[in-house]
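Input: a single structure, listed below in C-alpha coordinates.
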Amino acid sequence: MNLNVRHINFRHATADVSTYENGTDVKEYHAIIKVSSVLLSFPEQLDAVTEAYRELLDELPQAHAVFKRYFLSDAANQADDVAAADVTDCAKSIIQQPPLDGTKIALWVYMQSHVKTGLTKGGLYEVSHGSYRHFWNGSACNLAANSEYQTRLLFNEYIMQLMEEGCTLKDNVVRTWLFVNDIDLNYGGVVRARNQVFFTQGLKYDTHFVASTGIAGRQQDPNVLCQMDNYAIAGIRSEQVHYLYAPTHLNRTSDYGVSFERGTYIDYGDRRHVFISGTASINNKGQVMYEKDVVRQTKRMWENVETLLAEAACTFDDVPLFIVYLRDISDYAVVNGLFQERFPYTPFIIVHAPVCRTGWLVEMECMAVKEIRSEFAEF
(Lines give C-alpha, C1' and ligand atoms only; values in the text may rest on other atoms or scores of the structure.)
Protein backbone atom coordinates (compact mmCIF):
# COMPACT_ATOMS: atom_id res chain seq x y z
CA MET A 1 0.00 0.00 0.00
CA ASN A 2 1.36 3.41 -1.01
CA LEU A 3 -1.10 5.56 0.94
CA ASN A 4 -0.36 7.21 4.25
CA VAL A 5 -2.67 9.46 6.26
CA ARG A 6 -1.91 12.34 8.59
CA HIS A 7 -4.15 14.34 10.88
CA ILE A 8 -2.96 17.93 11.23
CA ASN A 9 -4.24 20.50 13.72
CA PHE A 10 -4.24 24.16 12.74
CA ARG A 11 -5.34 27.18 14.75
CA HIS A 12 -9.07 26.89 14.06
CA ALA A 13 -9.20 23.95 11.65
CA THR A 14 -8.03 20.40 11.08
CA ALA A 15 -6.87 18.59 7.97
CA ASP A 16 -6.94 14.87 7.27
CA VAL A 17 -4.45 14.32 4.48
CA SER A 18 -3.92 11.17 2.40
CA THR A 19 -0.65 10.99 0.47
CA TYR A 20 0.04 8.61 -2.39
CA GLU A 21 3.62 8.13 -3.57
CA ASN A 22 5.27 5.37 -5.57
CA GLY A 23 8.76 6.74 -6.21
CA THR A 24 7.85 8.67 -9.36
CA ASP A 25 7.62 12.44 -9.74
CA VAL A 26 3.89 12.79 -9.21
CA LYS A 27 2.70 12.46 -5.64
CA GLU A 28 -1.02 12.78 -4.99
CA TYR A 29 -2.70 14.35 -1.98
CA HIS A 30 -6.32 14.43 -0.88
CA ALA A 31 -7.16 16.66 2.07
CA ILE A 32 -10.40 17.23 3.94
CA ILE A 33 -10.18 20.52 5.84
CA LYS A 34 -12.77 21.09 8.56
CA VAL A 35 -13.39 23.92 11.01
CA SER A 36 -12.68 23.11 14.66
CA SER A 37 -15.46 25.13 16.30
CA VAL A 38 -19.12 25.56 15.36
CA LEU A 39 -19.19 28.79 17.39
CA LEU A 40 -17.17 30.78 14.87
CA SER A 41 -18.97 33.12 12.46
CA PHE A 42 -18.90 32.32 8.77
CA PRO A 43 -16.14 34.87 8.01
CA GLU A 44 -14.10 33.34 10.82
CA GLN A 45 -14.72 29.81 9.54
CA LEU A 46 -13.78 30.79 6.00
CA ASP A 47 -10.58 32.39 7.32
CA ALA A 48 -9.84 29.21 9.28
CA VAL A 49 -10.18 26.99 6.21
CA THR A 50 -8.19 29.40 4.01
CA GLU A 51 -5.39 29.71 6.55
CA ALA A 52 -5.24 25.94 7.07
CA TYR A 53 -4.98 25.40 3.32
CA ARG A 54 -2.11 27.90 3.01
CA GLU A 55 -0.24 26.25 5.86
CA LEU A 56 -0.87 22.82 4.37
CA LEU A 57 0.72 23.89 1.09
CA ASP A 58 3.82 24.94 3.03
CA GLU A 59 4.12 21.34 4.24
CA LEU A 60 3.74 19.85 0.74
CA PRO A 61 6.58 21.10 -1.48
CA GLN A 62 5.82 21.17 -5.21
CA ALA A 63 2.13 20.40 -4.62
CA HIS A 64 -0.39 22.09 -6.87
CA ALA A 65 -4.14 22.11 -6.33
CA VAL A 66 -5.93 20.52 -9.28
CA PHE A 67 -9.48 20.47 -7.92
CA LYS A 68 -11.31 21.91 -4.94
CA ARG A 69 -14.81 21.50 -3.64
CA TYR A 70 -16.27 23.77 -0.98
CA PHE A 71 -19.23 22.40 0.98
CA LEU A 72 -21.37 25.27 2.31
CA SER A 73 -24.29 25.50 4.69
CA ASP A 74 -25.90 28.52 2.96
CA ALA A 75 -24.65 29.23 -0.54
CA ALA A 76 -26.86 32.29 -1.02
CA ASN A 77 -24.99 34.11 1.74
CA GLN A 78 -21.58 32.44 1.50
CA ALA A 79 -20.62 31.60 -2.10
CA ASP A 80 -19.50 35.12 -3.06
CA ASP A 81 -17.17 35.30 -0.07
CA VAL A 82 -15.63 31.91 -0.90
CA ALA A 83 -15.07 32.86 -4.54
CA ALA A 84 -13.43 36.14 -3.48
CA ALA A 85 -11.21 34.48 -0.86
CA ASP A 86 -9.93 31.68 -3.12
CA VAL A 87 -7.96 32.87 -6.12
CA THR A 88 -6.15 29.56 -6.62
CA ASP A 89 -5.60 28.66 -10.27
CA CYS A 90 -7.50 25.39 -10.24
CA ALA A 91 -11.02 24.16 -10.86
CA LYS A 92 -13.32 25.08 -7.98
CA SER A 93 -16.69 23.61 -7.12
CA ILE A 94 -18.80 25.64 -4.68
CA ILE A 95 -22.01 23.93 -3.60
CA GLN A 96 -24.52 24.06 -0.79
CA GLN A 97 -24.21 20.67 0.90
CA PRO A 98 -23.94 21.51 4.60
CA PRO A 99 -21.24 19.67 6.57
CA LEU A 100 -23.14 17.68 9.17
CA ASP A 101 -20.68 18.28 11.99
CA GLY A 102 -22.50 21.61 12.51
CA THR A 103 -19.96 23.86 10.83
CA LYS A 104 -20.69 26.21 7.93
CA ILE A 105 -17.89 25.25 5.52
CA ALA A 106 -15.54 22.39 4.69
CA LEU A 107 -13.09 21.82 1.86
CA TRP A 108 -11.94 18.83 -0.15
CA VAL A 109 -8.80 19.60 -2.12
CA TYR A 110 -7.00 17.26 -4.53
CA MET A 111 -3.34 18.10 -5.14
CA GLN A 112 -0.49 16.70 -7.21
CA SER A 113 3.23 17.41 -7.26
CA HIS A 114 5.48 18.21 -10.22
CA VAL A 115 2.63 18.98 -12.63
CA LYS A 116 1.94 22.03 -14.76
CA THR A 117 -1.38 23.80 -14.38
CA GLY A 118 -3.21 26.48 -16.34
CA LEU A 119 -6.50 27.62 -17.83
CA THR A 120 -7.41 26.65 -21.40
CA LYS A 121 -8.97 29.13 -23.81
CA GLY A 122 -12.25 27.25 -23.46
CA GLY A 123 -12.29 27.69 -19.68
CA LEU A 124 -11.20 24.23 -18.51
CA TYR A 125 -8.40 23.89 -15.97
CA GLU A 126 -5.55 21.87 -17.41
CA VAL A 127 -3.13 19.75 -15.39
CA SER A 128 -0.36 18.24 -17.48
CA HIS A 129 2.48 15.81 -16.90
CA GLY A 130 4.25 13.61 -19.43
CA SER A 131 1.95 12.66 -22.31
CA TYR A 132 -1.33 13.36 -20.49
CA ARG A 133 -3.46 16.48 -20.19
CA HIS A 134 -6.10 16.39 -17.46
CA PHE A 135 -9.03 18.79 -17.69
CA TRP A 136 -11.02 19.71 -14.58
CA ASN A 137 -14.06 21.95 -14.40
CA GLY A 138 -16.25 23.07 -11.50
CA SER A 139 -19.45 25.02 -10.82
CA ALA A 140 -20.69 25.05 -14.43
CA CYS A 141 -24.30 26.27 -14.58
CA ASN A 142 -26.81 28.31 -16.54
CA LEU A 143 -30.29 29.80 -16.15
CA ALA A 144 -32.30 27.98 -18.82
CA ALA A 145 -36.01 27.44 -18.21
CA ASN A 146 -35.97 24.08 -16.38
CA SER A 147 -33.65 21.33 -15.20
CA GLU A 148 -33.82 19.43 -18.50
CA TYR A 149 -32.88 22.45 -20.59
CA GLN A 150 -30.18 23.50 -18.14
CA THR A 151 -28.58 20.06 -18.21
CA ARG A 152 -28.73 19.80 -21.98
CA LEU A 153 -27.09 23.22 -22.31
CA LEU A 154 -24.41 22.28 -19.75
CA PHE A 155 -23.45 19.20 -21.73
CA ASN A 156 -23.59 21.00 -25.07
CA GLU A 157 -21.25 23.71 -23.78
CA TYR A 158 -18.95 21.07 -22.31
CA ILE A 159 -18.81 19.21 -25.62
CA MET A 160 -17.67 22.43 -27.31
CA GLN A 161 -14.99 22.97 -24.65
CA LEU A 162 -13.74 19.43 -25.18
CA MET A 163 -13.65 19.88 -28.95
CA GLU A 164 -11.29 22.83 -28.53
CA GLU A 165 -8.84 20.45 -26.82
CA GLY A 166 -9.25 17.66 -29.38
CA CYS A 167 -11.41 15.60 -27.00
CA THR A 168 -14.89 14.10 -27.04
CA LEU A 169 -17.44 13.16 -24.42
CA LYS A 170 -17.20 9.50 -25.42
CA ASP A 171 -13.43 9.07 -25.60
CA ASN A 172 -12.06 11.37 -22.91
CA VAL A 173 -14.54 12.13 -20.13
CA VAL A 174 -13.99 10.02 -17.03
CA ARG A 175 -16.14 11.56 -14.30
CA THR A 176 -19.03 13.98 -13.83
CA TRP A 177 -20.90 15.32 -10.82
CA LEU A 178 -24.44 16.68 -11.23
CA PHE A 179 -25.78 18.70 -8.31
CA VAL A 180 -29.55 19.09 -8.51
CA ASN A 181 -31.50 21.78 -6.69
CA ASP A 182 -34.59 20.11 -5.14
CA ILE A 183 -33.60 16.70 -6.47
CA ASP A 184 -36.96 15.06 -5.74
CA LEU A 185 -38.55 17.51 -8.20
CA ASN A 186 -35.83 18.18 -10.78
CA TYR A 187 -33.83 14.97 -11.17
CA GLY A 188 -36.12 13.60 -13.88
CA GLY A 189 -35.28 16.47 -16.20
CA VAL A 190 -31.57 16.01 -15.59
CA VAL A 191 -31.83 12.32 -16.45
CA ARG A 192 -33.78 12.95 -19.65
CA ALA A 193 -31.27 15.52 -20.87
CA ARG A 194 -28.25 13.38 -20.06
CA ASN A 195 -29.78 10.34 -21.77
CA GLN A 196 -30.48 12.34 -24.91
CA VAL A 197 -27.05 13.97 -25.08
CA PHE A 198 -25.22 10.73 -24.38
CA PHE A 199 -27.16 8.91 -27.10
CA THR A 200 -26.26 11.54 -29.69
CA GLN A 201 -22.60 11.32 -28.64
CA GLY A 202 -22.39 7.53 -28.97
CA LEU A 203 -22.63 6.77 -25.25
CA LYS A 204 -25.00 3.81 -25.07
CA TYR A 205 -25.64 0.57 -23.21
CA ASP A 206 -23.46 -1.38 -25.65
CA THR A 207 -20.60 1.16 -25.61
CA HIS A 208 -20.20 2.79 -22.22
CA PHE A 209 -21.36 5.72 -20.11
CA VAL A 210 -19.43 7.91 -17.65
CA ALA A 211 -18.87 7.47 -13.91
CA SER A 212 -21.06 10.03 -12.16
CA THR A 213 -22.71 11.23 -8.99
CA GLY A 214 -26.18 12.77 -9.26
CA ILE A 215 -27.04 14.25 -5.89
CA ALA A 216 -28.86 17.16 -4.28
CA GLY A 217 -26.96 20.42 -4.10
CA ARG A 218 -27.83 24.09 -4.34
CA GLN A 219 -26.00 26.95 -5.96
CA GLN A 220 -26.04 30.55 -4.82
CA ASP A 221 -28.80 31.43 -7.29
CA PRO A 222 -31.95 29.36 -6.57
CA ASN A 223 -32.83 29.48 -10.27
CA VAL A 224 -29.83 27.24 -11.01
CA LEU A 225 -31.38 23.78 -10.99
CA CYS A 226 -28.29 21.80 -12.03
CA GLN A 227 -24.58 22.40 -11.51
CA MET A 228 -21.99 20.22 -13.23
CA ASP A 229 -18.39 19.41 -12.32
CA ASN A 230 -16.40 17.21 -14.67
CA TYR A 231 -13.05 15.59 -15.44
CA ALA A 232 -11.57 14.48 -18.77
CA ILE A 233 -8.17 13.23 -19.91
CA ALA A 234 -6.42 13.83 -23.22
CA GLY A 235 -3.74 11.33 -24.21
CA ILE A 236 -5.40 8.17 -22.92
CA ARG A 237 -6.10 5.21 -25.19
CA SER A 238 -9.25 3.13 -25.06
CA GLU A 239 -7.26 0.14 -23.77
CA GLN A 240 -6.43 2.11 -20.61
CA VAL A 241 -10.07 2.63 -19.64
CA HIS A 242 -12.15 -0.07 -17.94
CA TYR A 243 -15.66 -0.10 -16.50
CA LEU A 244 -16.88 -1.67 -13.27
CA TYR A 245 -20.19 -3.53 -12.96
CA ALA A 246 -20.26 -5.81 -9.87
CA PRO A 247 -23.19 -7.81 -11.29
CA THR A 248 -23.57 -9.90 -8.15
CA HIS A 249 -24.54 -6.75 -6.25
CA LEU A 250 -25.61 -4.11 -8.77
CA ASN A 251 -27.51 -3.86 -12.03
CA ARG A 252 -26.76 -1.71 -15.06
CA THR A 253 -28.09 1.79 -14.52
CA SER A 254 -29.71 1.74 -17.95
CA ASP A 255 -32.06 -0.97 -16.61
CA TYR A 256 -33.99 1.79 -14.87
CA GLY A 257 -33.51 4.51 -17.45
CA VAL A 258 -30.35 6.23 -16.20
CA SER A 259 -27.03 6.52 -18.01
CA PHE A 260 -23.90 6.37 -15.89
CA GLU A 261 -21.27 3.78 -15.04
CA ARG A 262 -21.01 2.33 -11.54
CA GLY A 263 -17.27 2.86 -11.68
CA THR A 264 -14.38 3.43 -14.05
CA TYR A 265 -10.67 2.82 -13.75
CA ILE A 266 -7.75 4.15 -15.75
CA ASP A 267 -4.43 2.32 -16.04
CA TYR A 268 -1.24 4.32 -16.39
CA GLY A 269 2.27 2.95 -16.57
CA ASP A 270 2.83 3.39 -12.85
CA ARG A 271 -0.61 3.54 -11.17
CA ARG A 272 -4.31 2.81 -11.47
CA HIS A 273 -6.96 5.45 -10.79
CA VAL A 274 -10.41 4.20 -9.81
CA PHE A 275 -13.52 6.41 -9.78
CA ILE A 276 -16.51 5.01 -7.92
CA SER A 277 -19.80 6.73 -8.73
CA GLY A 278 -22.31 7.71 -6.09
CA THR A 279 -23.36 4.34 -4.67
CA ALA A 280 -26.25 3.53 -2.34
CA SER A 281 -28.01 0.50 -0.86
CA ILE A 282 -29.20 -1.22 -4.03
CA ASN A 283 -29.30 -4.81 -5.27
CA ASN A 284 -28.67 -6.30 -8.71
CA LYS A 285 -32.33 -5.93 -9.62
CA GLY A 286 -32.18 -2.16 -9.09
CA GLN A 287 -34.22 -2.28 -5.89
CA VAL A 288 -33.61 -0.19 -2.77
CA MET A 289 -32.33 -2.44 0.01
CA TYR A 290 -33.35 -2.02 3.67
CA GLU A 291 -35.77 0.87 3.36
CA LYS A 292 -35.94 3.18 6.41
CA ASP A 293 -32.94 1.48 8.07
CA VAL A 294 -29.88 3.69 7.74
CA VAL A 295 -27.55 1.26 9.52
CA ARG A 296 -28.27 -1.64 7.19
CA GLN A 297 -28.27 0.70 4.18
CA THR A 298 -24.81 1.94 5.16
CA LYS A 299 -23.45 -1.58 5.43
CA ARG A 300 -24.97 -2.64 2.09
CA MET A 301 -23.54 0.52 0.51
CA TRP A 302 -20.08 -0.44 1.79
CA GLU A 303 -20.53 -3.95 0.42
CA ASN A 304 -21.46 -2.59 -3.01
CA VAL A 305 -18.50 -0.22 -3.13
CA GLU A 306 -16.13 -2.91 -1.88
CA THR A 307 -17.31 -5.23 -4.67
CA LEU A 308 -16.76 -2.54 -7.30
CA LEU A 309 -13.28 -1.84 -5.97
CA ALA A 310 -12.47 -5.55 -6.03
CA GLU A 311 -13.18 -5.62 -9.78
CA ALA A 312 -10.36 -3.11 -10.11
CA ALA A 313 -8.13 -5.26 -7.84
CA CYS A 314 -8.42 -2.63 -5.10
CA THR A 315 -9.66 -2.55 -1.51
CA PHE A 316 -10.71 0.15 0.91
CA ASP A 317 -7.02 0.42 1.85
CA ASP A 318 -6.45 2.04 -1.56
CA VAL A 319 -9.05 4.78 -0.98
CA PRO A 320 -7.73 8.21 0.05
CA LEU A 321 -11.11 9.64 1.10
CA PHE A 322 -14.87 9.12 1.18
CA ILE A 323 -17.62 11.65 0.52
CA VAL A 324 -20.86 10.61 2.20
CA TYR A 325 -24.31 12.05 1.50
CA LEU A 326 -27.25 11.86 3.91
CA ARG A 327 -30.92 12.58 3.22
CA ASP A 328 -31.88 13.03 6.88
CA ILE A 329 -29.58 15.13 9.06
CA SER A 330 -30.74 13.27 12.16
CA ASP A 331 -28.91 10.17 10.87
CA TYR A 332 -25.54 11.92 11.14
CA ALA A 333 -24.52 10.64 14.57
CA VAL A 334 -25.29 7.03 13.64
CA VAL A 335 -23.56 7.09 10.24
CA ASN A 336 -20.59 9.08 11.53
CA GLY A 337 -20.12 6.49 14.26
CA LEU A 338 -20.25 3.64 11.75
CA PHE A 339 -17.58 5.28 9.56
CA GLN A 340 -15.38 6.14 12.52
CA GLU A 341 -15.50 2.52 13.64
CA ARG A 342 -14.82 0.89 10.28
CA PHE A 343 -12.51 3.53 8.77
CA PRO A 344 -10.67 5.13 11.70
CA TYR A 345 -7.79 6.33 9.49
CA THR A 346 -9.44 7.16 6.16
CA PRO A 347 -10.48 10.82 5.71
CA PHE A 348 -14.19 11.30 5.12
CA ILE A 349 -16.80 14.01 5.17
CA ILE A 350 -20.54 13.64 5.67
CA VAL A 351 -22.80 16.29 4.16
CA HIS A 352 -26.53 16.88 3.87
CA ALA A 353 -27.57 15.94 0.33
CA PRO A 354 -30.63 13.83 -0.48
CA VAL A 355 -30.03 10.99 -2.94
CA CYS A 356 -31.93 10.67 -6.23
CA ARG A 357 -34.47 8.18 -4.82
CA THR A 358 -36.38 9.05 -1.67
CA GLY A 359 -35.88 5.53 -0.31
CA TRP A 360 -32.11 5.91 -0.22
CA LEU A 361 -31.00 7.39 3.08
CA VAL A 362 -27.25 7.38 2.42
CA GLU A 363 -24.89 7.39 -0.53
CA MET A 364 -21.12 7.54 -0.88
CA GLU A 365 -18.48 8.04 -3.55
CA CYS A 366 -14.74 7.60 -3.57
CA MET A 367 -11.58 7.35 -5.60
CA ALA A 368 -8.82 4.79 -5.26
CA VAL A 369 -5.21 4.72 -6.40
CA LYS A 370 -2.95 1.70 -6.61
CA GLU A 371 0.56 1.04 -7.88
CA ILE A 372 0.74 -1.07 -11.05
CA ARG A 373 3.20 -1.60 -13.87
CA SER A 374 1.91 -1.59 -17.42
CA GLU A 375 2.98 -0.80 -20.98
CA PHE A 376 1.22 2.58 -20.92
CA ALA A 377 2.94 5.89 -20.30
CA GLU A 378 3.37 6.85 -16.65
CA PHE A 379 0.98 9.27 -14.99
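Residue numbers start at 1 in each chain; chains themselves are named A, B, ... in the order of the C-alpha coordinates; ligands are numbered from 1 in the order shown.
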
Sort by chain and increasing residue number a table of all residues of range 258-318 of chain A within 8 Å of range 325-337 of chain A, each with its closest pair of atoms and their distance in Å to one decimal, counting only C-alpha atoms, and write it as JSON lines.
```
{"residue": "A:Val294", "atom": "CA", "partner": "A:Asp331", "partner_atom": "CA", "distance": 7.3}
{"residue": "A:Val295", "atom": "CA", "partner": "A:Val335", "partner_atom": "CA", "distance": 7.1}
{"residue": "A:Thr298", "atom": "CA", "partner": "A:Val335", "partner_atom": "CA", "distance": 7.3}
```

Check your understanding: Skipping near chain neighbours, those fewer than 4 positions away, what residues fall within 8 Å of range 208-210 of chain A using only C-alpha atoms, listed as an MDAnalysis selection string?
Key -> chainID A and resid 170 173:176 198 203:204 243 259:261 264

Exercise for review: Write down as a PyMOL selection string the residues belonging to range 119-253 of chain A that are assigned strand (DSSP E) by DSSP computed on the backbone.
Suggested key: chain A and resi 119+125-129+132-140+173-180+211-216+226-234+241-244

Point to revise | Residue contacts of Leu107 in chain A (6 Å, only C-alpha atoms) excluding same-chain residues fewer than 4 positions away, as number ranges by chain | key: A: 32-33, 69-70

Practice item. Pick out the residues sitting within 7 Å of Lys116 in chain A, and hand them over as a list in words; count only C-alpha atoms, and ignore anything fewer than 3 positions along from it in its own chain. Key: Val127, Ser128 and His129 of chain A

Keeping N, CA, C and O atoms for every residue in the selection just given, could you write it to a file as a PDB file, in the first residue's frame?
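Printed below is out_24.pdb as written:
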```pdb
ATOM      1  N   VAL A 127      -4.227  20.255 -16.209  1.00  0.00           N
ATOM      2  CA  VAL A 127      -3.126  19.749 -15.394  1.00  0.00           C
ATOM      3  C   VAL A 127      -2.353  18.781 -16.280  1.00  0.00           C
ATOM      4  O   VAL A 127      -2.919  17.780 -16.741  1.00  0.00           O
ATOM      5  N   SER A 128      -1.104  19.064 -16.529  1.00  0.00           N
ATOM      6  CA  SER A 128      -0.363  18.236 -17.480  1.00  0.00           C
ATOM      7  C   SER A 128       0.899  17.672 -16.851  1.00  0.00           C
ATOM      8  O   SER A 128       1.543  18.299 -16.000  1.00  0.00           O
ATOM      9  N   HIS A 129       1.239  16.471 -17.286  1.00  0.00           N
ATOM     10  CA  HIS A 129       2.475  15.807 -16.898  1.00  0.00           C
ATOM     11  C   HIS A 129       2.722  14.701 -17.920  1.00  0.00           C
ATOM     12  O   HIS A 129       1.818  13.924 -18.240  1.00  0.00           O
TER      13      HIS A 129
END
```

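Between CA of Gly189 in chain A and CA of Ala140 in chain A the interatomic distance comes to 17.0 Å.
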
Check your understanding: Neighbours of Asn142 in chain A within 9 Å (only C-alpha atoms; same-chain residues fewer than 3 positions away dropped), as a PyMOL selection string?
Key -> chain A and resi 150-151+153-154+223-227

Using the selection just defined, write its residues with all heavy atoms as a PDB file, in the first residue's frame.
```pdb
ATOM      1  N   GLN A 150     -31.455  23.110 -18.739  1.00  0.00           N
ATOM      2  CA  GLN A 150     -30.175  23.501 -18.135  1.00  0.00           C
ATOM      3  C   GLN A 150     -29.132  22.408 -18.313  1.00  0.00           C
ATOM      4  O   GLN A 150     -27.982  22.675 -18.676  1.00  0.00           O
ATOM      5  CB  GLN A 150     -30.360  23.818 -16.646  1.00  0.00           C
ATOM      6  CG  GLN A 150     -31.085  25.122 -16.384  1.00  0.00           C
ATOM      7  CD  GLN A 150     -31.078  25.527 -14.919  1.00  0.00           C
ATOM      8  OE1 GLN A 150     -30.300  25.004 -14.117  1.00  0.00           O
ATOM      9  NE2 GLN A 150     -31.944  26.469 -14.563  1.00  0.00           N
ATOM     10  N   THR A 151     -29.525  21.172 -18.090  1.00  0.00           N
ATOM     11  CA  THR A 151     -28.585  20.057 -18.205  1.00  0.00           C
ATOM     12  C   THR A 151     -28.145  19.860 -19.644  1.00  0.00           C
ATOM     13  O   THR A 151     -26.956  19.641 -19.926  1.00  0.00           O
ATOM     14  CB  THR A 151     -29.211  18.770 -17.656  1.00  0.00           C
ATOM     15  OG1 THR A 151     -29.661  18.992 -16.326  1.00  0.00           O
ATOM     16  CG2 THR A 151     -28.213  17.619 -17.672  1.00  0.00           C
ATOM     17  N   LEU A 153     -27.988  22.121 -21.971  1.00  0.00           N
ATOM     18  CA  LEU A 153     -27.092  23.220 -22.313  1.00  0.00           C
ATOM     19  C   LEU A 153     -25.722  23.030 -21.667  1.00  0.00           C
ATOM     20  O   LEU A 153     -24.688  23.296 -22.296  1.00  0.00           O
ATOM     21  CB  LEU A 153     -27.710  24.553 -21.886  1.00  0.00           C
ATOM     22  CG  LEU A 153     -26.925  25.822 -22.235  1.00  0.00           C
ATOM     23  CD1 LEU A 153     -26.663  25.898 -23.740  1.00  0.00           C
ATOM     24  CD2 LEU A 153     -27.685  27.062 -21.764  1.00  0.00           C
ATOM     25  N   LEU A 154     -25.689  22.551 -20.422  1.00  0.00           N
ATOM     26  CA  LEU A 154     -24.411  22.280 -19.754  1.00  0.00           C
ATOM     27  C   LEU A 154     -23.574  21.296 -20.557  1.00  0.00           C
ATOM     28  O   LEU A 154     -22.376  21.515 -20.784  1.00  0.00           O
ATOM     29  CB  LEU A 154     -24.656  21.716 -18.351  1.00  0.00           C
ATOM     30  CG  LEU A 154     -25.018  22.704 -17.245  1.00  0.00           C
ATOM     31  CD1 LEU A 154     -25.435  21.955 -15.979  1.00  0.00           C
ATOM     32  CD2 LEU A 154     -23.845  23.629 -16.941  1.00  0.00           C
ATOM     33  N   ASN A 223     -32.337  29.819  -8.931  1.00  0.00           N
ATOM     34  CA  ASN A 223     -32.826  29.482 -10.271  1.00  0.00           C
ATOM     35  C   ASN A 223     -31.906  28.509 -11.004  1.00  0.00           C
ATOM     36  O   ASN A 223     -32.269  28.002 -12.064  1.00  0.00           O
ATOM     37  CB  ASN A 223     -32.995  30.755 -11.098  1.00  0.00           C
ATOM     38  CG  ASN A 223     -34.060  31.673 -10.515  1.00  0.00           C
ATOM     39  OD1 ASN A 223     -35.202  31.270 -10.379  1.00  0.00           O
ATOM     40  ND2 ASN A 223     -33.677  32.879 -10.142  1.00  0.00           N
ATOM     41  N   VAL A 224     -30.711  28.276 -10.459  1.00  0.00           N
ATOM     42  CA  VAL A 224     -29.831  27.242 -11.009  1.00  0.00           C
ATOM     43  C   VAL A 224     -30.329  25.898 -10.490  1.00  0.00           C
ATOM     44  O   VAL A 224     -30.286  25.633  -9.294  1.00  0.00           O
ATOM     45  CB  VAL A 224     -28.364  27.479 -10.601  1.00  0.00           C
ATOM     46  CG1 VAL A 224     -27.500  26.289 -11.035  1.00  0.00           C
ATOM     47  CG2 VAL A 224     -27.841  28.772 -11.209  1.00  0.00           C
ATOM     48  N   LEU A 225     -30.789  25.062 -11.379  1.00  0.00           N
ATOM     49  CA  LEU A 225     -31.375  23.780 -10.991  1.00  0.00           C
ATOM     50  C   LEU A 225     -30.405  22.620 -11.155  1.00  0.00           C
ATOM     51  O   LEU A 225     -30.671  21.523 -10.669  1.00  0.00           O
ATOM     52  CB  LEU A 225     -32.639  23.526 -11.823  1.00  0.00           C
ATOM     53  CG  LEU A 225     -33.692  24.647 -11.750  1.00  0.00           C
ATOM     54  CD1 LEU A 225     -34.889  24.293 -12.628  1.00  0.00           C
ATOM     55  CD2 LEU A 225     -34.122  24.900 -10.313  1.00  0.00           C
ATOM     56  N   CYS A 226     -29.296  22.852 -11.863  1.00  0.00           N
ATOM     57  CA  CYS A 226     -28.288  21.805 -12.034  1.00  0.00           C
ATOM     58  C   CYS A 226     -26.915  22.446 -12.182  1.00  0.00           C
ATOM     59  O   CYS A 226     -26.733  23.332 -13.020  1.00  0.00           O
ATOM     60  CB  CYS A 226     -28.609  20.950 -13.255  1.00  0.00           C
ATOM     61  SG  CYS A 226     -27.442  19.575 -13.506  1.00  0.00           S
ATOM     62  N   GLN A 227     -25.983  22.010 -11.375  1.00  0.00           N
ATOM     63  CA  GLN A 227     -24.578  22.399 -11.510  1.00  0.00           C
ATOM     64  C   GLN A 227     -23.792  21.163 -11.916  1.00  0.00           C
ATOM     65  O   GLN A 227     -24.047  20.064 -11.414  1.00  0.00           O
ATOM     66  CB  GLN A 227     -24.016  22.949 -10.202  1.00  0.00           C
ATOM     67  CG  GLN A 227     -22.500  23.139 -10.218  1.00  0.00           C
ATOM     68  CD  GLN A 227     -21.954  23.704  -8.928  1.00  0.00           C
ATOM     69  OE1 GLN A 227     -22.411  24.732  -8.448  1.00  0.00           O
ATOM     70  NE2 GLN A 227     -20.963  23.027  -8.340  1.00  0.00           N
TER      71      GLN A 227
END
```

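If only C-alpha atoms are the atoms counted, then among A:Leu338, A:Ala63, A:Leu3, A:Val35 the closest residue to Tyr20 in chain A is A:Leu3.
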
Check your understanding: Which is closer to Ser36 in chain A than all the others in A:Arg373, A:Lys104, A:His242, A:Arg252, using only C-alpha atoms?
Key -> A:Lys104

Exercise for review: Can you check which residues of range 130-371 of chain A DSSP gives as helix (DSSP H, G or I) on the backbone and send them as an MDAnalysis selection string?
Suggested key: chainID A and resid 147:164 169:172 183:200 238:240 253:256 294:311 316:318 329:342

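Closest approach to Thr88 in chain A from the set A:Gly118, A:Pro320, A:Gly257, A:Gly286 is made by A:Gly118, with distances taken over only C-alpha atoms.
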
Check your understanding: Can you tell me, as number ranges by chain, what residues are no more than 8 Å from Gly166 in chain A when counting only C-alpha atoms, ignoring any on the same chain fewer than 3 positions away?
Key -> A: 162-163, 234

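Candidate residues A:Ser139, A:Phe155, A:Leu57, A:Gln220 were compared for distance to Asp80 in chain A, and the nearest is A:Gln220, using only C-alpha atoms.
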
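Residue nearest Asn172 in chain A within the list A:Leu143, A:Ala211, A:Ala65, A:Ile105: A:Ala211 [criterion: smallest interatomic distance, only C-alpha atoms].
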
Check your understanding: What is the CA of Val197 in chain A-CA of Thr279 in chain A distance in Å, reported with one decimal?
Key -> 22.9 Å

Practice item. Show which residues sit within 8 Å of Glu148 in chain A, as a ChimeraX atom specification. Count only C-alpha atoms, and ignore same-chain residues fewer than 5 positions away. Key: /A:188-193

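Interatomic distance, CA of Glu28 in chain A to CA of Glu371 in chain A: 12.2 Å.
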
Find the residues of range 47-102 of chain A that sit at most 7 Å from range 8-18 of chain A; for each, write down the nearest two atoms and how far apart they are in Å, to one decimal. Count only C-alpha atoms. Sort by chain, then by number going up, and give it as a tab-separated table.
```
residue	atom	partner	partner_atom	distance
A:Ala48	CA	A:His12	CA	5.4
A:Val49	CA	A:Ala13	CA	6.3
A:Ala52	CA	A:Phe10	CA	6.0
```

Okay, now the selection with C-alpha atoms, as a JSON list (two decimals), in the first residue's frame?
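Result went into out.json, see below:
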```json
[["chain", "number", "residue", "atom", "x", "y", "z"],
["A", 48, "ALA", "CA", -9.84, 29.21, 9.28],
["A", 49, "VAL", "CA", -10.18, 26.99, 6.21],
["A", 52, "ALA", "CA", -5.24, 25.94, 7.07]]
```
